[in-house]
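Chemist: This is the structure I want to talk about, given as structure tokens.
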2 protein chains.
Amino acid sequence: MTEGAKQYEGRRIHPDRLRRFSVRVMERCDLSRSQAEETAEVLVAADAWGVFTHGTRQLVPLMNNVRQGAIDAKASPQVISAEGGCALVDGRNAMPMVSSRLAMRTAIGLAREAGAAYAGVRHSNHFGAAGYYAMMAAEAKMIGIAMSNVDVCMSVPGAAGPVIGTNPIAYAVPAGRENPVFLDIATSVVAVSKVFSAKASGQPIPPGWLVNEEGHSSTDPNDYPEHATILPMAGHKGYGIALLIEVLSGVLTGSSFLGGIKRWVDDDPLPADQGHAFLAIDIERLMPLASFTERMEAMVSEVRSARKAGASGRIFLPGEMEWDRRSEAYRNGLALPDFVIENLVRVARDTDSTGALDFAFDIRKPQ
Amino acid sequence: MTEGAKQYEGRRIHPDRLRRFSVRVMERCDLSRSQAEETAEVLVAADAWGVFTHGTRQLVPLMNNVRQGAIDAKASPQVISAEGGCALVDGRNAMPMVSSRLAMRTAIGLAREAGAAYAGVRHSNHFGAAGYYAMMAAEAKMIGIAMSNVDVCMSVPGAAGPVIGTNPIAYAVPAGRENPVFLDIATSVVAVSKVFSAKASGQPIPPGWLVNEEGHSSTDPNDYPEHATILPMAGHKGYGIALLIEVLSGVLTGSSFLGGIKRWVDDDPLPADQGHAFLAIDIERLMPLASFTERMEAMVSEVRSARKAGASGRIFLPGEMEWDRRSEAYRNGLALPDFVIENLVRVARDTDSTGALDFAFDIRKPQ
């Protein structure tokens, strides 16, 4: 850990404090209070679920995009069309979380009337955790699906280099007394962070994770990323699903797709021009909500009561680990991993917010 | 091969002849001409794509379901509601292909007005190849998605036995001068037929395909199906996707789900009570069709021109192999595998249609 980060080592931070800190940082980068709040909401939700790669550590690349003009801090997304069960939002290179929330809100509003709705977004950027937007629908008692294309970084069967992004997809389904059934995944075989972990610990990785420049499977994590590319989950199946996401998010929205998308994590980024897609289905159109949630509870209970792999085993429902982590975070504060703290320290320094970070970690009183 | 099947060995059969034979068989099992034609259409499409497990070989279990009353040959599915972007069809245990076609037609009709639509089906049976219904939307210049729950036969992470079905999902996207981009997959790690192939050839299977009763990975294909269960594609990711399909097809439609679904391949089957879900998105609501298909062509071309794994390699688009097989089938006739021929011989005998099968294989003139 760097000097600046050490003072926070082992300290927990409450999600609400982290949210307030994030808002301050973004306001100091010229975002409006309301855009900063919307964005912080999405980032802190990811941290609370334990999806730290997609949480507040993204303040660093996001604010870099703002400084470089790749994200326009002063722009607002615009609903171009919204009728029946179909909407299109122009992100206008505004904060991607703001555009995405607007699109999902629009989809929910349309689905309330039409029963089901699709909302696409064009001219956007990395929208963080897809699951956040799916959950907006679940909170509105709907089934929500969210997806996005991202910059090309994944190979496909038959190829020896990057072809498509690790396009994420998420869904959320209300389940009555149970937490919503919730999934948020990239379409790659594993998260790239697992390759870096193996590299750090000097372990080989299983075949099927990476393809090298000769088109062979590589088990050497050191090949990544210079000489090998991550593969899709489940081979041609994950490739096919990633391509559907590319179509619904990129091709259909009028945004960029595949190689047309710019890398948002570059030091000197151009507007990423990613696209997103959101779906909402209104449960009440099909059956009373109470009947549906009873059925969901029965489904959850049936999965849980299946024969376990180990004597003391547990079968997790999709999202169950995330909900466990979230309650822990709100009860006892978030235990952020080092790489997140390092990013927070960095963005605090860049925005004259170290005092605010101290306060967030409960080291000192507000100034 | 059995005696009755040997005479067809090595012979090809034109898809149109196979369709006519299938219609005759079903009419002799009391289906109306139009229901028989609709069903034959779906089955023969699967054979033409080379998806022989889901083609006309299913005439045997389908007609068995009809004979046992698990499928009601005289019933017609009913549209219960269809408004805005949302529809629900009661399959009333009628032929599942007829109910599914009706539901996708309804979704397409609604999407023409609303831009996007969901149609669910309840009280149905095994609907064959999901891809057929997705393609109905693509033919109507829409993006189509089709899915279904099926009887429990797949394990999930943490479990040591079956928990959920190998719930299939398919999609189809019009691509202008290119064939539609098309995917039709089960959410299991591999098709169960691959386990049987390994068993037949005495080969071990890779770890990660099967979990045994103790909850460990099994590489012995002989464990299947008595002592081991197939796993989802990509572990928790495939499990999560299978569960979303279960929700959209089963829970939301009012059909059975998980263990409530009956096995349609039993000798003495009860009504399966499967559910299906169909989505259609009207491209023209987002942009002119010509712009969309140009963009699809560009996407296809970009994927194809990526760096290949082998010097003489080829990167297939999803569906490209199926379209190649389909043109070959219509040009030179279908080369059916033995297990399909055996099934055709059996169903021909059961329905006094051996002469019709001879004619279909061009062995004799029509009677």
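Every chain in the structure tokens takes a letter, A first, then B, and so on in the order presented; its residues are numbered from 1, and the ligands are numbered from 1 following the presented order.
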Among segment 245-350 of chain A, which residues carry a DSSP assignment of helix (DSSP H, G or I), reported as JSON, numbers by chain?

Modeler: {"A": [245, 246, 247, 248, 249, 250, 251, 258, 259, 260, 283, 284, 285, 289, 290, 291, 292, 293, 294, 295, 296, 297, 298, 299, 300, 301, 302, 303, 304, 320, 321, 322, 323, 324, 325, 326, 327, 328, 329, 330, 331, 332, 338, 339, 340, 341, 342, 343, 344, 345, 346, 347, 348, 349, 350]}

Chemist: Report the closest atom pair, with its distance in Å rounded to one decimal, for each residue of chain A that has an atom no farther than 7 Å from chain B; count only C-alpha atoms, sort by chain and then rising residue number, and write it as CSV.

Modeler:
```
residue,atom,partner,partner_atom,distance
A:Gly84,CA,B:Ala114,CA,4.3
A:Gly85,CA,B:Ala114,CA,5.0
A:Cys86,CA,B:Gly115,CA,5.1
A:Ala114,CA,B:Gly84,CA,4.3
A:Gly115,CA,B:Cys86,CA,5.1
A:Ala116,CA,B:Gly85,CA,5.3
A:Ala117,CA,B:Ala116,CA,6.1
A:Tyr118,CA,B:Ala116,CA,6.4
A:Pro157,CA,B:Ile315,CA,6.8
A:Gly158,CA,B:Ile315,CA,4.9
A:Ala159,CA,B:Lys308,CA,4.3
A:Ala160,CA,B:Ala309,CA,4.5
A:Gly161,CA,B:Arg307,CA,6.0
A:Val163,CA,B:Val303,CA,6.3
A:Leu183,CA,B:Gly240,CA,6.2
A:Ile185,CA,B:Lys237,CA,6.8
A:Val189,CA,B:Ala234,CA,6.8
A:Glu214,CA,B:Ala309,CA,6.0
A:Gly215,CA,B:Ala309,CA,3.8
A:Met233,CA,B:Ala234,CA,5.6
A:Ala234,CA,B:Ala234,CA,5.3
A:Lys237,CA,B:Ile185,CA,6.7
A:Gly240,CA,B:Pro318,CA,5.8
A:Val251,CA,B:Arg295,CA,6.3
A:Leu252,CA,B:Phe292,CA,6.6
A:Thr253,CA,B:Leu286,CA,6.7
A:Leu286,CA,B:Leu252,CA,6.7
A:Phe292,CA,B:Leu252,CA,6.6
A:Arg295,CA,B:Val251,CA,6.3
A:Met296,CA,B:Val251,CA,6.9
A:Val303,CA,B:Val163,CA,6.3
A:Ala306,CA,B:Val163,CA,6.4
A:Arg307,CA,B:Ala160,CA,5.5
A:Lys308,CA,B:Ala159,CA,4.3
A:Ala309,CA,B:Gly215,CA,3.8
A:Gly310,CA,B:Gly215,CA,6.4
A:Gly313,CA,B:Gly158,CA,6.6
A:Arg314,CA,B:Gly158,CA,6.1
A:Ile315,CA,B:Gly158,CA,4.9
A:Pro318,CA,B:Gly240,CA,5.8
```

Chemist: Return as a PyMOL selection string the full set of residues in segment 154-291 of chain A whose backbone-based DSSP assignment is strand (DSSP E or B).

Modeler: chain A and resi 154+159+164+169-175+178-185+188+210-212+217-218+228-230+232+274-282

Chemist: Which is closest to Ile245 of chain B among B:Pro174, B:Pro288, B:Gly50, B:Pro168, if we use only C-alpha atoms?

Modeler: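 Of the candidates, the smallest distance to Ile245 of chain B is held by B:Pro168.
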
Chemist: Just how far from atom CA of Asp151 of chain A is atom CA of Thr166 of chain A, in Å to one decimal?

Modeler: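 Atom CA of Asp151 of chain A lies at a distance of 8.0 Å from atom CA of Thr166 of chain A.
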
Chemist: Tell me, as an NGL selection string, which residues lie within 12 Å of Ala200 of chain A, counting only C-alpha atoms; anything in the same chain fewer than 3 positions away does not count.

Modeler: :A and (193-197 or 203-205 or 220-222 or 224)

Chemist: One decimal, Å: what's the distance from atom CA of Asn65 of chain B over to atom CA of Thr53 of chain B, could you say?

Modeler: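 Value for the atom CA of Asn65 of chain B-atom CA of Thr53 of chain B distance: 17.2 Å.
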